[in-house]
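See below for run-v9.cif, which holds mmCIF, C-alpha atoms.
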data_entry
#
loop_
_atom_site.label_atom_id
_atom_site.label_comp_id
_atom_site.auth_asym_id
_atom_site.auth_seq_id
_atom_site.Cartn_x
_atom_site.Cartn_y
_atom_site.Cartn_z
CA MET A 1 -18.33 15.35 -5.39
CA SER A 2 -21.98 15.85 -4.47
CA GLU A 3 -22.70 18.07 -1.49
CA ARG A 4 -25.34 15.71 -0.22
CA TYR A 5 -23.07 12.67 0.15
CA SER A 6 -19.78 14.54 0.62
CA ARG A 7 -19.01 13.22 4.10
CA GLN A 8 -19.57 9.66 2.95
CA GLU A 9 -17.38 10.21 -0.13
CA ILE A 10 -14.57 11.66 1.98
CA PHE A 11 -14.61 8.39 3.94
CA ALA A 12 -11.80 6.60 2.05
CA PRO A 13 -13.24 3.05 1.85
CA ILE A 14 -16.30 4.44 0.03
CA GLY A 15 -15.09 7.46 -1.96
CA ALA A 16 -16.83 8.93 -5.02
CA GLU A 17 -16.53 5.59 -6.79
CA GLY A 18 -18.22 3.74 -3.92
CA GLN A 19 -20.96 6.35 -3.78
CA GLU A 20 -21.71 5.74 -7.45
CA LYS A 21 -21.93 2.00 -6.74
CA ILE A 22 -24.36 2.64 -3.88
CA ARG A 23 -26.48 4.75 -6.24
CA ASN A 24 -26.73 1.85 -8.67
CA LYS A 25 -27.80 -0.76 -6.13
CA HIS A 26 -31.16 -2.18 -5.10
CA VAL A 27 -31.71 -3.39 -1.53
CA LEU A 28 -34.69 -5.37 -0.24
CA ILE A 29 -35.60 -4.91 3.43
CA VAL A 30 -38.02 -7.49 4.74
CA GLY A 31 -39.88 -6.06 7.72
CA ALA A 32 -40.53 -2.45 8.63
CA GLY A 33 -40.46 -2.72 12.40
CA ALA A 34 -37.62 -1.56 14.60
CA LEU A 35 -34.73 -3.01 12.57
CA GLY A 36 -36.35 -2.31 9.21
CA THR A 37 -37.06 1.35 9.85
CA GLY A 38 -33.52 1.83 11.17
CA SER A 39 -31.84 0.20 8.16
CA ALA A 40 -34.19 1.85 5.68
CA GLU A 41 -33.54 5.34 6.98
CA ALA A 42 -29.77 4.80 7.02
CA LEU A 43 -29.65 3.43 3.46
CA VAL A 44 -31.96 6.10 2.09
CA ARG A 45 -29.80 8.81 3.68
CA ALA A 46 -26.73 7.05 2.27
CA GLY A 47 -28.12 7.42 -1.25
CA ILE A 48 -29.13 3.89 -2.17
CA GLY A 49 -30.54 3.81 -5.72
CA LYS A 50 -33.59 1.68 -5.05
CA LEU A 51 -35.10 0.36 -1.85
CA THR A 52 -37.89 -2.16 -1.57
CA ILE A 53 -39.45 -2.46 1.86
CA VAL A 54 -42.22 -4.88 2.78
CA ASP A 55 -44.27 -5.36 5.92
CA ARG A 56 -47.56 -7.04 6.82
CA ASP A 57 -48.38 -4.97 9.88
CA TYR A 58 -49.70 -1.50 10.74
CA VAL A 59 -48.41 1.10 13.19
CA GLU A 60 -49.45 0.87 16.84
CA TRP A 61 -48.64 3.07 19.84
CA SER A 62 -46.26 0.48 21.29
CA ASN A 63 -44.10 0.81 18.13
CA LEU A 64 -43.29 4.50 18.56
CA GLN A 65 -40.72 3.92 21.33
CA ARG A 66 -38.23 2.43 18.84
CA GLN A 67 -39.55 2.31 15.26
CA GLN A 68 -37.95 5.50 14.07
CA LEU A 69 -39.91 6.30 10.91
CA TYR A 70 -43.31 6.47 12.61
CA ILE A 71 -45.17 9.29 14.30
CA GLU A 72 -48.28 9.59 16.42
CA LYS A 73 -50.72 10.08 13.58
CA ASP A 74 -49.58 6.80 12.02
CA ALA A 75 -50.54 4.98 15.22
CA GLN A 76 -53.79 6.94 15.59
CA ASN A 77 -54.87 6.00 12.08
CA ARG A 78 -53.41 2.47 12.09
CA ILE A 79 -51.48 3.21 8.91
CA PRO A 80 -49.78 0.16 7.38
CA LYS A 81 -46.07 0.30 8.15
CA ALA A 82 -45.08 0.04 4.49
CA VAL A 83 -47.18 3.11 3.68
CA ALA A 84 -46.01 5.20 6.65
CA ALA A 85 -42.37 4.20 6.08
CA LYS A 86 -42.44 5.17 2.42
CA GLU A 87 -43.97 8.55 3.21
CA ARG A 88 -41.25 9.39 5.72
CA LEU A 89 -38.40 7.95 3.60
CA LEU A 90 -39.39 10.14 0.65
CA GLN A 91 -39.31 13.18 2.93
CA VAL A 92 -35.78 12.18 3.91
CA ASN A 93 -34.53 11.60 0.36
CA SER A 94 -36.78 12.12 -2.65
CA GLU A 95 -34.04 10.89 -5.04
CA VAL A 96 -34.43 7.27 -3.96
CA ASP A 97 -36.76 4.91 -5.81
CA ILE A 98 -38.78 3.47 -2.92
CA GLN A 99 -41.07 0.49 -3.46
CA ALA A 100 -43.23 -0.29 -0.44
CA HIS A 101 -45.53 -3.30 -0.20
CA ILE A 102 -48.16 -4.17 2.40
CA MET A 103 -47.46 -7.85 2.22
CA ASP A 104 -46.96 -11.00 4.23
CA VAL A 105 -43.88 -12.52 2.63
CA SER A 106 -44.14 -16.20 1.83
CA VAL A 107 -42.82 -18.45 -0.94
CA GLY A 108 -44.61 -16.81 -3.87
CA GLU A 109 -43.86 -13.28 -2.74
CA ILE A 110 -40.17 -13.78 -2.02
CA GLU A 111 -39.43 -15.20 -5.46
CA GLU A 112 -40.92 -12.03 -6.98
CA LEU A 113 -39.35 -9.62 -4.49
CA VAL A 114 -35.75 -10.74 -4.97
CA LYS A 115 -35.69 -10.08 -8.73
CA GLY A 116 -32.96 -7.57 -9.52
CA VAL A 117 -32.02 -7.17 -5.85
CA HIS A 118 -28.33 -6.92 -4.86
CA LEU A 119 -28.78 -7.45 -1.12
CA ILE A 120 -31.48 -8.55 1.33
CA ILE A 121 -31.60 -7.13 4.85
CA ASP A 122 -33.44 -9.17 7.44
CA ALA A 123 -35.67 -7.07 9.65
CA THR A 124 -38.20 -9.79 10.40
CA ASP A 125 -39.27 -11.18 13.74
CA ASN A 126 -39.37 -14.94 13.30
CA PHE A 127 -37.28 -17.82 11.97
CA ASP A 128 -39.89 -19.19 9.54
CA ILE A 129 -39.38 -16.19 7.33
CA ARG A 130 -35.63 -15.98 7.93
CA LEU A 131 -35.18 -19.52 6.66
CA LEU A 132 -37.31 -18.56 3.66
CA LEU A 133 -35.02 -15.55 2.99
CA ASN A 134 -32.04 -17.83 3.48
CA ASP A 135 -33.21 -20.30 0.81
CA ALA A 136 -34.10 -17.50 -1.61
CA SER A 137 -30.66 -15.97 -1.02
CA GLN A 138 -28.97 -19.26 -1.89
CA LYS A 139 -31.18 -20.03 -4.88
CA TYR A 140 -30.68 -16.61 -6.49
CA THR A 141 -27.13 -15.96 -5.15
CA ILE A 142 -28.00 -12.78 -3.29
CA PRO A 143 -26.23 -11.95 0.00
CA TRP A 144 -28.36 -11.31 3.07
CA ILE A 145 -27.72 -9.96 6.53
CA TYR A 146 -29.38 -11.60 9.51
CA GLY A 147 -30.16 -9.35 12.45
CA SER A 148 -32.22 -9.82 15.56
CA CYS A 149 -32.69 -8.38 19.03
CA VAL A 150 -34.58 -8.83 22.28
CA GLY A 151 -34.16 -6.85 25.51
CA SER A 152 -30.60 -5.56 25.48
CA TYR A 153 -29.24 -8.49 23.44
CA GLY A 154 -28.59 -8.40 19.72
CA ILE A 155 -27.05 -10.64 17.07
CA SER A 156 -26.11 -10.30 13.43
CA TYR A 157 -24.42 -12.29 10.68
CA THR A 158 -23.71 -11.68 7.01
CA ILE A 159 -24.40 -14.58 4.66
CA ILE A 160 -22.63 -14.62 1.30
CA PRO A 161 -23.80 -17.52 -0.91
CA GLY A 162 -20.94 -19.78 -1.93
CA LYS A 163 -18.59 -18.28 0.67
CA THR A 164 -20.01 -18.38 4.19
CA PRO A 165 -22.19 -20.91 5.98
CA CYS A 166 -25.90 -20.15 5.59
CA LEU A 167 -28.45 -19.72 8.37
CA ASN A 168 -29.61 -23.31 7.95
CA CYS A 169 -25.99 -24.51 8.55
CA LEU A 170 -25.86 -22.46 11.76
CA LEU A 171 -29.28 -23.34 13.18
CA GLU A 172 -29.76 -26.94 11.95
CA SER A 173 -33.43 -26.62 12.96
CA VAL A 174 -36.11 -23.97 13.38
CA PRO A 175 -35.90 -22.47 16.88
CA LEU A 176 -39.16 -22.81 18.77
CA GLY A 177 -40.43 -20.31 21.29
CA GLY A 178 -37.71 -18.46 23.14
CA LEU A 179 -37.79 -14.88 24.27
CA THR A 180 -39.66 -12.30 22.24
CA CYS A 181 -40.34 -8.58 22.55
CA ASP A 182 -43.53 -9.82 24.22
CA THR A 183 -41.83 -11.49 27.15
CA ALA A 184 -38.51 -9.68 27.47
CA GLY A 185 -39.22 -6.22 26.07
CA ILE A 186 -36.73 -4.22 24.04
CA ILE A 187 -34.82 -0.96 24.42
CA SER A 188 -34.09 1.19 21.41
CA PRO A 189 -30.25 1.20 21.69
CA THR A 190 -30.31 -2.56 21.15
CA VAL A 191 -32.11 -1.98 17.88
CA GLN A 192 -29.69 0.77 16.88
CA MET A 193 -26.68 -1.42 17.58
CA VAL A 194 -27.95 -4.27 15.39
CA VAL A 195 -28.85 -1.73 12.71
CA ALA A 196 -25.30 -0.31 12.94
CA TYR A 197 -23.82 -3.75 12.26
CA GLN A 198 -26.28 -4.56 9.50
CA VAL A 199 -25.95 -1.24 7.68
CA THR A 200 -22.15 -1.21 7.91
CA GLU A 201 -22.01 -4.69 6.44
CA ALA A 202 -24.54 -3.57 3.81
CA LEU A 203 -22.37 -0.60 2.79
CA LYS A 204 -19.34 -2.90 2.42
CA ILE A 205 -21.34 -5.20 0.15
CA LEU A 206 -22.80 -2.30 -1.85
CA VAL A 207 -19.35 -0.81 -2.56
CA GLU A 208 -18.11 -4.36 -3.23
CA ASP A 209 -15.48 -4.27 -0.48
CA PHE A 210 -16.02 -7.93 0.41
CA ASP A 211 -12.61 -8.28 2.10
CA SER A 212 -13.73 -5.91 4.84
CA LEU A 213 -16.79 -7.95 5.87
CA LEU A 214 -16.90 -9.00 9.51
CA ARG A 215 -17.18 -12.73 8.71
CA LYS A 216 -18.16 -13.53 12.31
CA LEU A 217 -21.37 -14.23 14.15
CA GLN A 218 -21.57 -11.08 16.24
CA SER A 219 -23.54 -10.73 19.44
CA PHE A 220 -23.71 -8.23 22.28
CA ASP A 221 -25.62 -7.42 25.42
CA LEU A 222 -25.65 -3.68 26.03
CA TRP A 223 -27.04 -3.92 29.56
CA LYS A 224 -24.67 -6.66 30.68
CA ASN A 225 -21.73 -4.95 28.92
CA GLN A 226 -20.85 -8.03 26.90
CA GLN A 227 -19.74 -8.44 23.36
CA THR A 228 -18.61 -11.56 21.54
CA ALA A 229 -17.94 -12.76 18.03
CA ILE A 230 -17.42 -16.31 16.80
CA ASP A 231 -15.81 -17.29 13.51
CA VAL A 232 -18.37 -19.82 12.28
CA GLN A 233 -16.81 -20.58 8.88
CA SER A 234 -16.16 -24.20 9.93
CA LEU A 235 -19.93 -24.74 10.28
CA LYS A 236 -20.51 -24.57 6.53
CA LYS A 237 -21.91 -27.99 5.65
CA ASP A 238 -21.73 -29.70 2.26
CA SER A 239 -24.78 -31.71 3.35
CA CYS A 240 -26.89 -28.56 3.99
CA PRO A 241 -30.15 -28.75 1.99
CA SER A 242 -30.07 -24.95 1.52
CA CYS A 243 -26.45 -24.30 0.48
CA GLY A 244 -24.77 -27.72 0.15
CA THR A 245 -23.96 -29.83 -2.88
CA VAL A 246 -27.47 -31.32 -3.19
CA ARG A 247 -29.98 -28.54 -2.63
CA THR A 248 -33.71 -28.89 -2.08
CA TYR A 249 -34.34 -25.38 -0.69
CA PRO A 250 -36.76 -26.88 1.86
CA TYR A 251 -38.13 -23.54 3.03
CA LEU A 252 -39.19 -22.53 -0.48
CA ASP A 253 -41.59 -25.47 -0.40
CA PHE A 254 -45.02 -24.06 0.40
CA SER A 255 -45.99 -27.08 2.51
CA ASN A 256 -43.26 -26.08 4.96
CA GLN A 257 -44.79 -22.66 5.52
CA THR A 258 -46.88 -21.78 8.55
CA LYS A 259 -50.21 -20.29 7.68
CA THR A 260 -50.73 -18.85 11.11
CA ALA A 261 -48.17 -16.90 13.09
CA ILE A 262 -48.09 -15.46 16.59
CA LEU A 263 -46.99 -11.85 16.27
CA CYS A 264 -43.92 -10.70 18.17
CA GLY A 265 -44.63 -8.12 20.84
CA ARG A 266 -48.40 -8.56 21.10
CA GLU A 267 -51.08 -10.97 22.11
CA SER A 268 -51.99 -11.52 18.49
CA VAL A 269 -52.25 -14.21 15.86
CA GLN A 270 -52.10 -13.69 12.13
CA ILE A 271 -54.19 -15.91 9.91
CA ARG A 272 -53.40 -16.13 6.25
CA PRO A 273 -56.01 -17.78 4.06
CA SER A 274 -54.65 -20.60 1.91
CA VAL A 275 -56.35 -19.14 -1.16
CA GLN A 276 -55.50 -15.51 -1.81
CA ALA A 277 -58.46 -13.28 -2.60
CA GLU A 278 -59.03 -9.58 -2.13
CA ARG A 279 -61.68 -8.65 0.40
CA ASN A 280 -64.31 -6.01 -0.20
CA LEU A 281 -63.92 -4.03 3.02
CA ASP A 282 -67.10 -1.97 2.53
CA GLU A 283 -69.25 -5.08 2.23
CA LEU A 284 -67.53 -6.61 5.22
CA ALA A 285 -68.05 -3.44 7.27
CA SER A 286 -71.80 -3.42 6.73
CA MET A 287 -71.97 -7.11 7.49
CA LEU A 288 -70.03 -6.86 10.74
CA ALA A 289 -71.57 -3.58 11.95
CA HIS A 290 -74.44 -5.53 13.58
CA GLN A 291 -72.06 -7.77 15.52
CA GLY A 292 -69.62 -5.32 17.07
CA LYS A 293 -67.70 -2.07 16.63
CA VAL A 294 -66.23 -1.47 13.17
CA ASP A 295 -63.51 1.02 12.20
CA GLN A 296 -62.20 1.30 8.67
CA ASN A 297 -59.48 2.95 6.62
CA PRO A 298 -58.62 2.38 2.94
CA PHE A 299 -56.24 -0.47 3.81
CA LEU A 300 -57.90 -2.40 6.59
CA LEU A 301 -60.91 -2.89 8.79
CA SER A 302 -60.86 -3.20 12.55
CA PHE A 303 -63.64 -5.15 14.24
CA THR A 304 -64.01 -5.22 18.03
CA ILE A 305 -66.20 -7.68 19.85
CA ASP A 306 -66.02 -8.28 23.62
CA GLU A 307 -62.34 -8.43 24.61
CA LYS A 308 -61.15 -9.39 21.14
CA ARG A 309 -60.30 -7.34 18.11
CA MET A 310 -59.82 -8.52 14.57
CA VAL A 311 -58.08 -6.53 11.89
CA ILE A 312 -58.85 -7.57 8.35
CA PHE A 313 -56.51 -6.52 5.56
CA LYS A 314 -57.63 -6.03 1.99
CA ASP A 315 -55.43 -8.93 0.88
CA GLY A 316 -57.40 -11.33 3.08
CA ARG A 317 -55.05 -11.60 6.04
CA VAL A 318 -56.51 -11.23 9.50
CA PHE A 319 -54.94 -10.32 12.80
CA VAL A 320 -56.75 -11.59 15.86
CA HIS A 321 -55.75 -9.49 18.86
CA GLY A 322 -56.26 -10.48 22.47
CA THR A 323 -55.08 -14.07 22.16
CA LYS A 324 -51.89 -16.04 21.60
CA ASP A 325 -53.84 -19.22 21.06
CA VAL A 326 -53.83 -20.13 17.37
CA SER A 327 -56.88 -22.35 17.55
CA GLU A 328 -58.89 -19.73 19.44
CA ALA A 329 -57.87 -17.21 16.81
CA LYS A 330 -58.97 -19.53 14.02
CA THR A 331 -62.29 -20.09 15.76
CA LEU A 332 -62.96 -16.36 15.93
CA TYR A 333 -61.83 -15.97 12.34
CA HIS A 334 -64.22 -18.60 11.09
CA ARG A 335 -67.02 -17.40 13.35
CA TYR A 336 -67.08 -13.91 11.88
CA LEU A 337 -65.48 -14.21 8.48
CA GLY A 338 -66.70 -17.58 7.29
CA MET B 1 -13.89 -23.00 38.89
CA GLU B 2 -13.30 -19.82 36.96
CA LEU B 3 -14.10 -19.64 33.25
CA LEU B 4 -13.55 -16.85 30.76
CA ILE B 5 -16.99 -16.56 29.20
CA ASN B 6 -17.46 -13.98 26.43
CA ASN B 7 -14.34 -12.22 27.75
CA ASP B 8 -15.65 -11.97 31.34
CA LYS B 9 -14.07 -13.97 34.18
CA ILE B 10 -16.97 -15.84 35.74
CA LYS B 11 -16.88 -18.17 38.78
CA ILE B 12 -19.19 -21.13 38.43
CA PRO B 13 -19.91 -24.04 40.79
CA ASP B 14 -17.53 -26.97 40.23
CA GLU B 15 -20.43 -29.38 39.76
CA ILE B 16 -21.07 -27.75 36.38
CA GLY B 17 -18.89 -30.28 34.66
CA ASN B 18 -19.83 -29.96 31.00
CA VAL B 19 -21.10 -27.48 28.40
CA SER B 20 -24.64 -28.82 28.48
CA VAL B 21 -25.00 -28.11 32.21
CA LEU B 22 -23.33 -24.73 31.76
CA LEU B 23 -26.01 -23.77 29.23
CA GLU B 24 -28.72 -24.84 31.70
CA HIS B 25 -26.98 -22.74 34.36
CA PHE B 26 -27.30 -19.67 32.14
CA GLN B 27 -30.84 -20.68 31.08
CA LEU B 28 -29.70 -21.00 27.50
CA ASP B 29 -30.54 -24.71 27.16
CA LYS B 30 -33.82 -23.96 25.34
CA HIS B 31 -32.08 -21.68 22.85
CA ILE B 32 -30.18 -22.55 19.73
CA VAL B 33 -26.61 -21.66 20.62
CA ILE B 34 -23.17 -21.78 19.11
CA VAL B 35 -20.46 -22.55 21.64
CA GLU B 36 -16.74 -22.21 21.18
CA VAL B 37 -14.39 -23.72 23.77
CA ASN B 38 -10.73 -22.70 23.62
CA GLY B 39 -11.09 -21.61 20.01
CA VAL B 40 -12.93 -24.69 18.74
CA ILE B 41 -16.63 -24.62 17.82
CA LEU B 42 -18.53 -27.53 19.31
CA ASP B 43 -20.91 -29.71 17.40
CA LYS B 44 -24.33 -29.34 19.05
CA THR B 45 -24.40 -33.08 19.80
CA ASN B 46 -21.17 -32.81 21.81
CA HIS B 47 -22.28 -30.32 24.46
CA ARG B 48 -22.79 -33.01 27.12
CA ASP B 49 -19.50 -34.73 26.36
CA THR B 50 -17.39 -31.59 26.48
CA ARG B 51 -15.83 -31.35 29.96
CA LEU B 52 -14.98 -27.97 31.42
CA SER B 53 -11.77 -27.11 33.26
CA ASP B 54 -10.64 -24.10 35.22
CA GLY B 55 -9.48 -21.30 32.93
CA ASP B 56 -11.30 -22.50 29.81
CA LYS B 57 -12.07 -19.73 27.33
CA ILE B 58 -15.66 -19.99 26.22
CA GLU B 59 -17.70 -17.99 23.72
CA ILE B 60 -21.46 -18.45 23.67
CA VAL B 61 -23.77 -16.87 21.11
CA HIS B 62 -27.48 -17.61 21.23
CA PHE B 63 -30.03 -16.96 18.51
CA VAL B 64 -33.02 -14.74 19.14
CA GLY B 65 -35.94 -13.98 16.88
CA GLY B 66 -37.13 -10.44 17.58
CA GLY B 67 -36.65 -7.50 15.32
#
Write out the structure in this file as structure tokens.
Amino acid sequence: MSERYSRQEIFAPIGAEGQEKIRNKHVLIVGAGALGTGSAEALVRAGIGKLTIVDRDYVEWSNLQRQQLYIEKDAQNRIPKAVAAKERLLQVNSEVDIQAHIMDVSVGEIEELVKGVHLIIDATDNFDIRLLLNDASQKYTIPWIYGSCVGSYGISYTIIPGKTPCLNCLLESVPLGGLTCDTAGIISPTVQMVVAYQVTEALKILVEDFDSLLRKLQSFDLWKNQQTAIDVQSLKKDSCPSCGTVRTYPYLDFSNQTKTAILCGRESVQIRPSVQAERNLDELASMLAHQGKVDQNPFLLSFTIDEKRMVIFKDGRVFVHGTKDVSEAKTLYHRYLG
Amino acid sequence: MELLINNDKIKIPDEIGNVSVLLEHFQLDKHIVIVEVNGVILDKTNHRDTRLSDGDKIEIVHFVGGG
């Protein structure tokens, strides 16, 4: 028995055999915000063999209240979350193979990311990407664990292809609007509770103890002292285009993907160019220096003009801060970046 | 009438006659929800037709997007 994982091996449902299984598994975490940092730290401490973590964003001061892998200097320097997360995770456990990508996950990316992965953990903040994960999970027969939270309310569900209903069966359509961290806030225990459900389910899957899975749609409200779970097995639909008998995987079709997204928790819009091309940040910096205030690090460039701020990533994506209006954001984008 | 909603006894006005109005009452009508009444999950199209009676056991889970 290894000293490092001894307490986990003493836990009978895992044991030394389970620990060895965990060591041989590869988990993909999509999103390195509150849920993603929580799950990543837990799995890395638990001795996962390989962890891939992806995120499109960078660390800001408002993240530090609940996103447990980040520290003040990450916010000061606007370090991409994938980079800051990897640095901290390797300090926690240098034995884990950690792959971190600064990336906005869409159709092309997800098909690459899921290769060789045993489990996907959802730590995203919108349903466009969750339905994309859901279709990829079904197409490649990889389980995934949905998790989400707002305020003091959280929800989670484990989707096993071929066994349980999928997210598309449960939702039937893409939810529009609703509460976000922007409008309702979030307290860290809510995050930790969802992470606890997701990571426990993950450990069961990793040690292949499928009989112990929760198999219910679990929700709770920590402030209102409520907890409920619904057995949703009867909602599995043979007619579902994602997991039914005739599958089209609609969310893996690029035309169904949004190219702009309003970011959860901030007055910001992300714009993703339809053609991917790397930006030369140095050139851009000298070009924009005459128009407004420019700050730069190796990964991104921040450009402030009047009340608005744009952050341009090397991969071409742009965040427009100071607006939730997609068309206004696009106007600014085209005004300064062509 | 008194309903058992997510394991809490909750008194609601009698004019809330069906599940659809109950969801409006809790401001959940704009959310995607899964509702179980007395152990049976409702089809989303049946919320308005599902009458409520005193003592019904109801579970409501709504989807949120944050993370």
Contacts from chain A to chain B, 6 Å maximum, all atoms listed in the file: show me the residue list as a PyMOL selection string.
chain A and resi 35+123-126+148-150+180+228
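Minimum atom-to-atom distance to Pro250 in chain A, evaluated using only C-alpha atoms, belongs to A:Lys139 out of A:Lys216, A:Arg66, A:His26, A:Lys139.
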Under the PyMOL selection byres ((chain A and resi 241-247) around 7), which residues of this model are included? Write them out as an mmCIF file with C-alpha atoms, in the frame of the given file.
data_model
loop_
_atom_site.group_PDB
_atom_site.id
_atom_site.type_symbol
_atom_site.label_atom_id
_atom_site.label_comp_id
_atom_site.auth_asym_id
_atom_site.auth_seq_id
_atom_site.Cartn_x
_atom_site.Cartn_y
_atom_site.Cartn_z
ATOM 1 C CA ASP A 135 -33.210 -20.300 0.810
ATOM 2 C CA GLN A 138 -28.970 -19.260 -1.890
ATOM 3 C CA CYS A 166 -25.900 -20.150 5.590
ATOM 4 C CA ASN A 168 -29.610 -23.310 7.950
ATOM 5 C CA LYS A 237 -21.910 -27.990 5.650
ATOM 6 C CA ASP A 238 -21.730 -29.700 2.260
ATOM 7 C CA SER A 239 -24.780 -31.710 3.350
ATOM 8 C CA CYS A 240 -26.890 -28.560 3.990
ATOM 9 C CA THR A 248 -33.710 -28.890 -2.080
ATOM 10 C CA TYR A 249 -34.340 -25.380 -0.690
ATOM 11 C CA PRO A 250 -36.760 -26.880 1.860
#
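With CA of Lys236 in chain A on one side and CA of Leu170 in chain A on the other, the separation reads 7.8 Å.
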Run the PyMOL selection byres ((chain B and resi 18) around 8) mentally over the shown coordinates, then write out the matched residues as a ChimeraX atom specification, using the chain letters and numbers from the document.
/B:16-17,19-22,47-52
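A straight line drawn from CA of Gln192 in chain A to CA of Ala34 in chain A is 8.6 Å long.
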Residue rebuild result range 137-153 of chain A, N, CA and C atoms as a short mmCIF file (atom, residue, chain, number, x, y, z; two decimals), in the frame of the given file:
data_model
loop_
_atom_site.label_atom_id
_atom_site.label_comp_id
_atom_site.auth_asym_id
_atom_site.auth_seq_id
_atom_site.Cartn_x
_atom_site.Cartn_y
_atom_site.Cartn_z
N SER A 137 -32.01 -16.52 -0.87
CA SER A 137 -30.66 -15.97 -1.02
C SER A 137 -29.74 -16.96 -1.71
N GLN A 138 -29.83 -18.23 -1.30
CA GLN A 138 -28.97 -19.26 -1.89
C GLN A 138 -29.39 -19.56 -3.33
N LYS A 139 -30.69 -19.66 -3.55
CA LYS A 139 -31.18 -20.03 -4.88
C LYS A 139 -30.82 -18.96 -5.92
N TYR A 140 -30.91 -17.70 -5.53
CA TYR A 140 -30.68 -16.61 -6.49
C TYR A 140 -29.32 -15.92 -6.29
N THR A 141 -28.49 -16.49 -5.41
CA THR A 141 -27.13 -15.96 -5.15
C THR A 141 -27.15 -14.47 -4.80
N ILE A 142 -27.93 -14.15 -3.78
CA ILE A 142 -28.00 -12.78 -3.29
C ILE A 142 -27.57 -12.79 -1.81
N PRO A 143 -26.60 -11.99 -1.42
CA PRO A 143 -26.23 -11.95 0.00
C PRO A 143 -27.37 -11.45 0.88
N TRP A 144 -27.39 -11.88 2.14
CA TRP A 144 -28.36 -11.31 3.07
C TRP A 144 -27.73 -11.16 4.44
N ILE A 145 -28.29 -10.27 5.22
CA ILE A 145 -27.72 -9.96 6.53
C ILE A 145 -28.77 -10.21 7.61
N TYR A 146 -28.49 -11.25 8.39
CA TYR A 146 -29.38 -11.60 9.51
C TYR A 146 -29.17 -10.60 10.65
N GLY A 147 -30.27 -10.20 11.26
CA GLY A 147 -30.16 -9.35 12.45
C GLY A 147 -31.35 -9.61 13.34
N SER A 148 -31.12 -9.57 14.65
CA SER A 148 -32.22 -9.82 15.56
C SER A 148 -31.89 -9.23 16.94
N CYS A 149 -32.93 -8.92 17.69
CA CYS A 149 -32.69 -8.38 19.03
C CYS A 149 -33.89 -8.60 19.94
N VAL A 150 -33.58 -8.70 21.22
CA VAL A 150 -34.58 -8.83 22.28
C VAL A 150 -33.95 -8.23 23.53
N GLY A 151 -34.70 -7.44 24.28
CA GLY A 151 -34.16 -6.85 25.51
C GLY A 151 -32.98 -5.95 25.21
N SER A 152 -31.82 -6.32 25.77
CA SER A 152 -30.60 -5.56 25.48
C SER A 152 -29.60 -6.40 24.69
N TYR A 153 -30.10 -7.54 24.16
CA TYR A 153 -29.24 -8.49 23.44
C TYR A 153 -29.51 -8.42 21.94
#
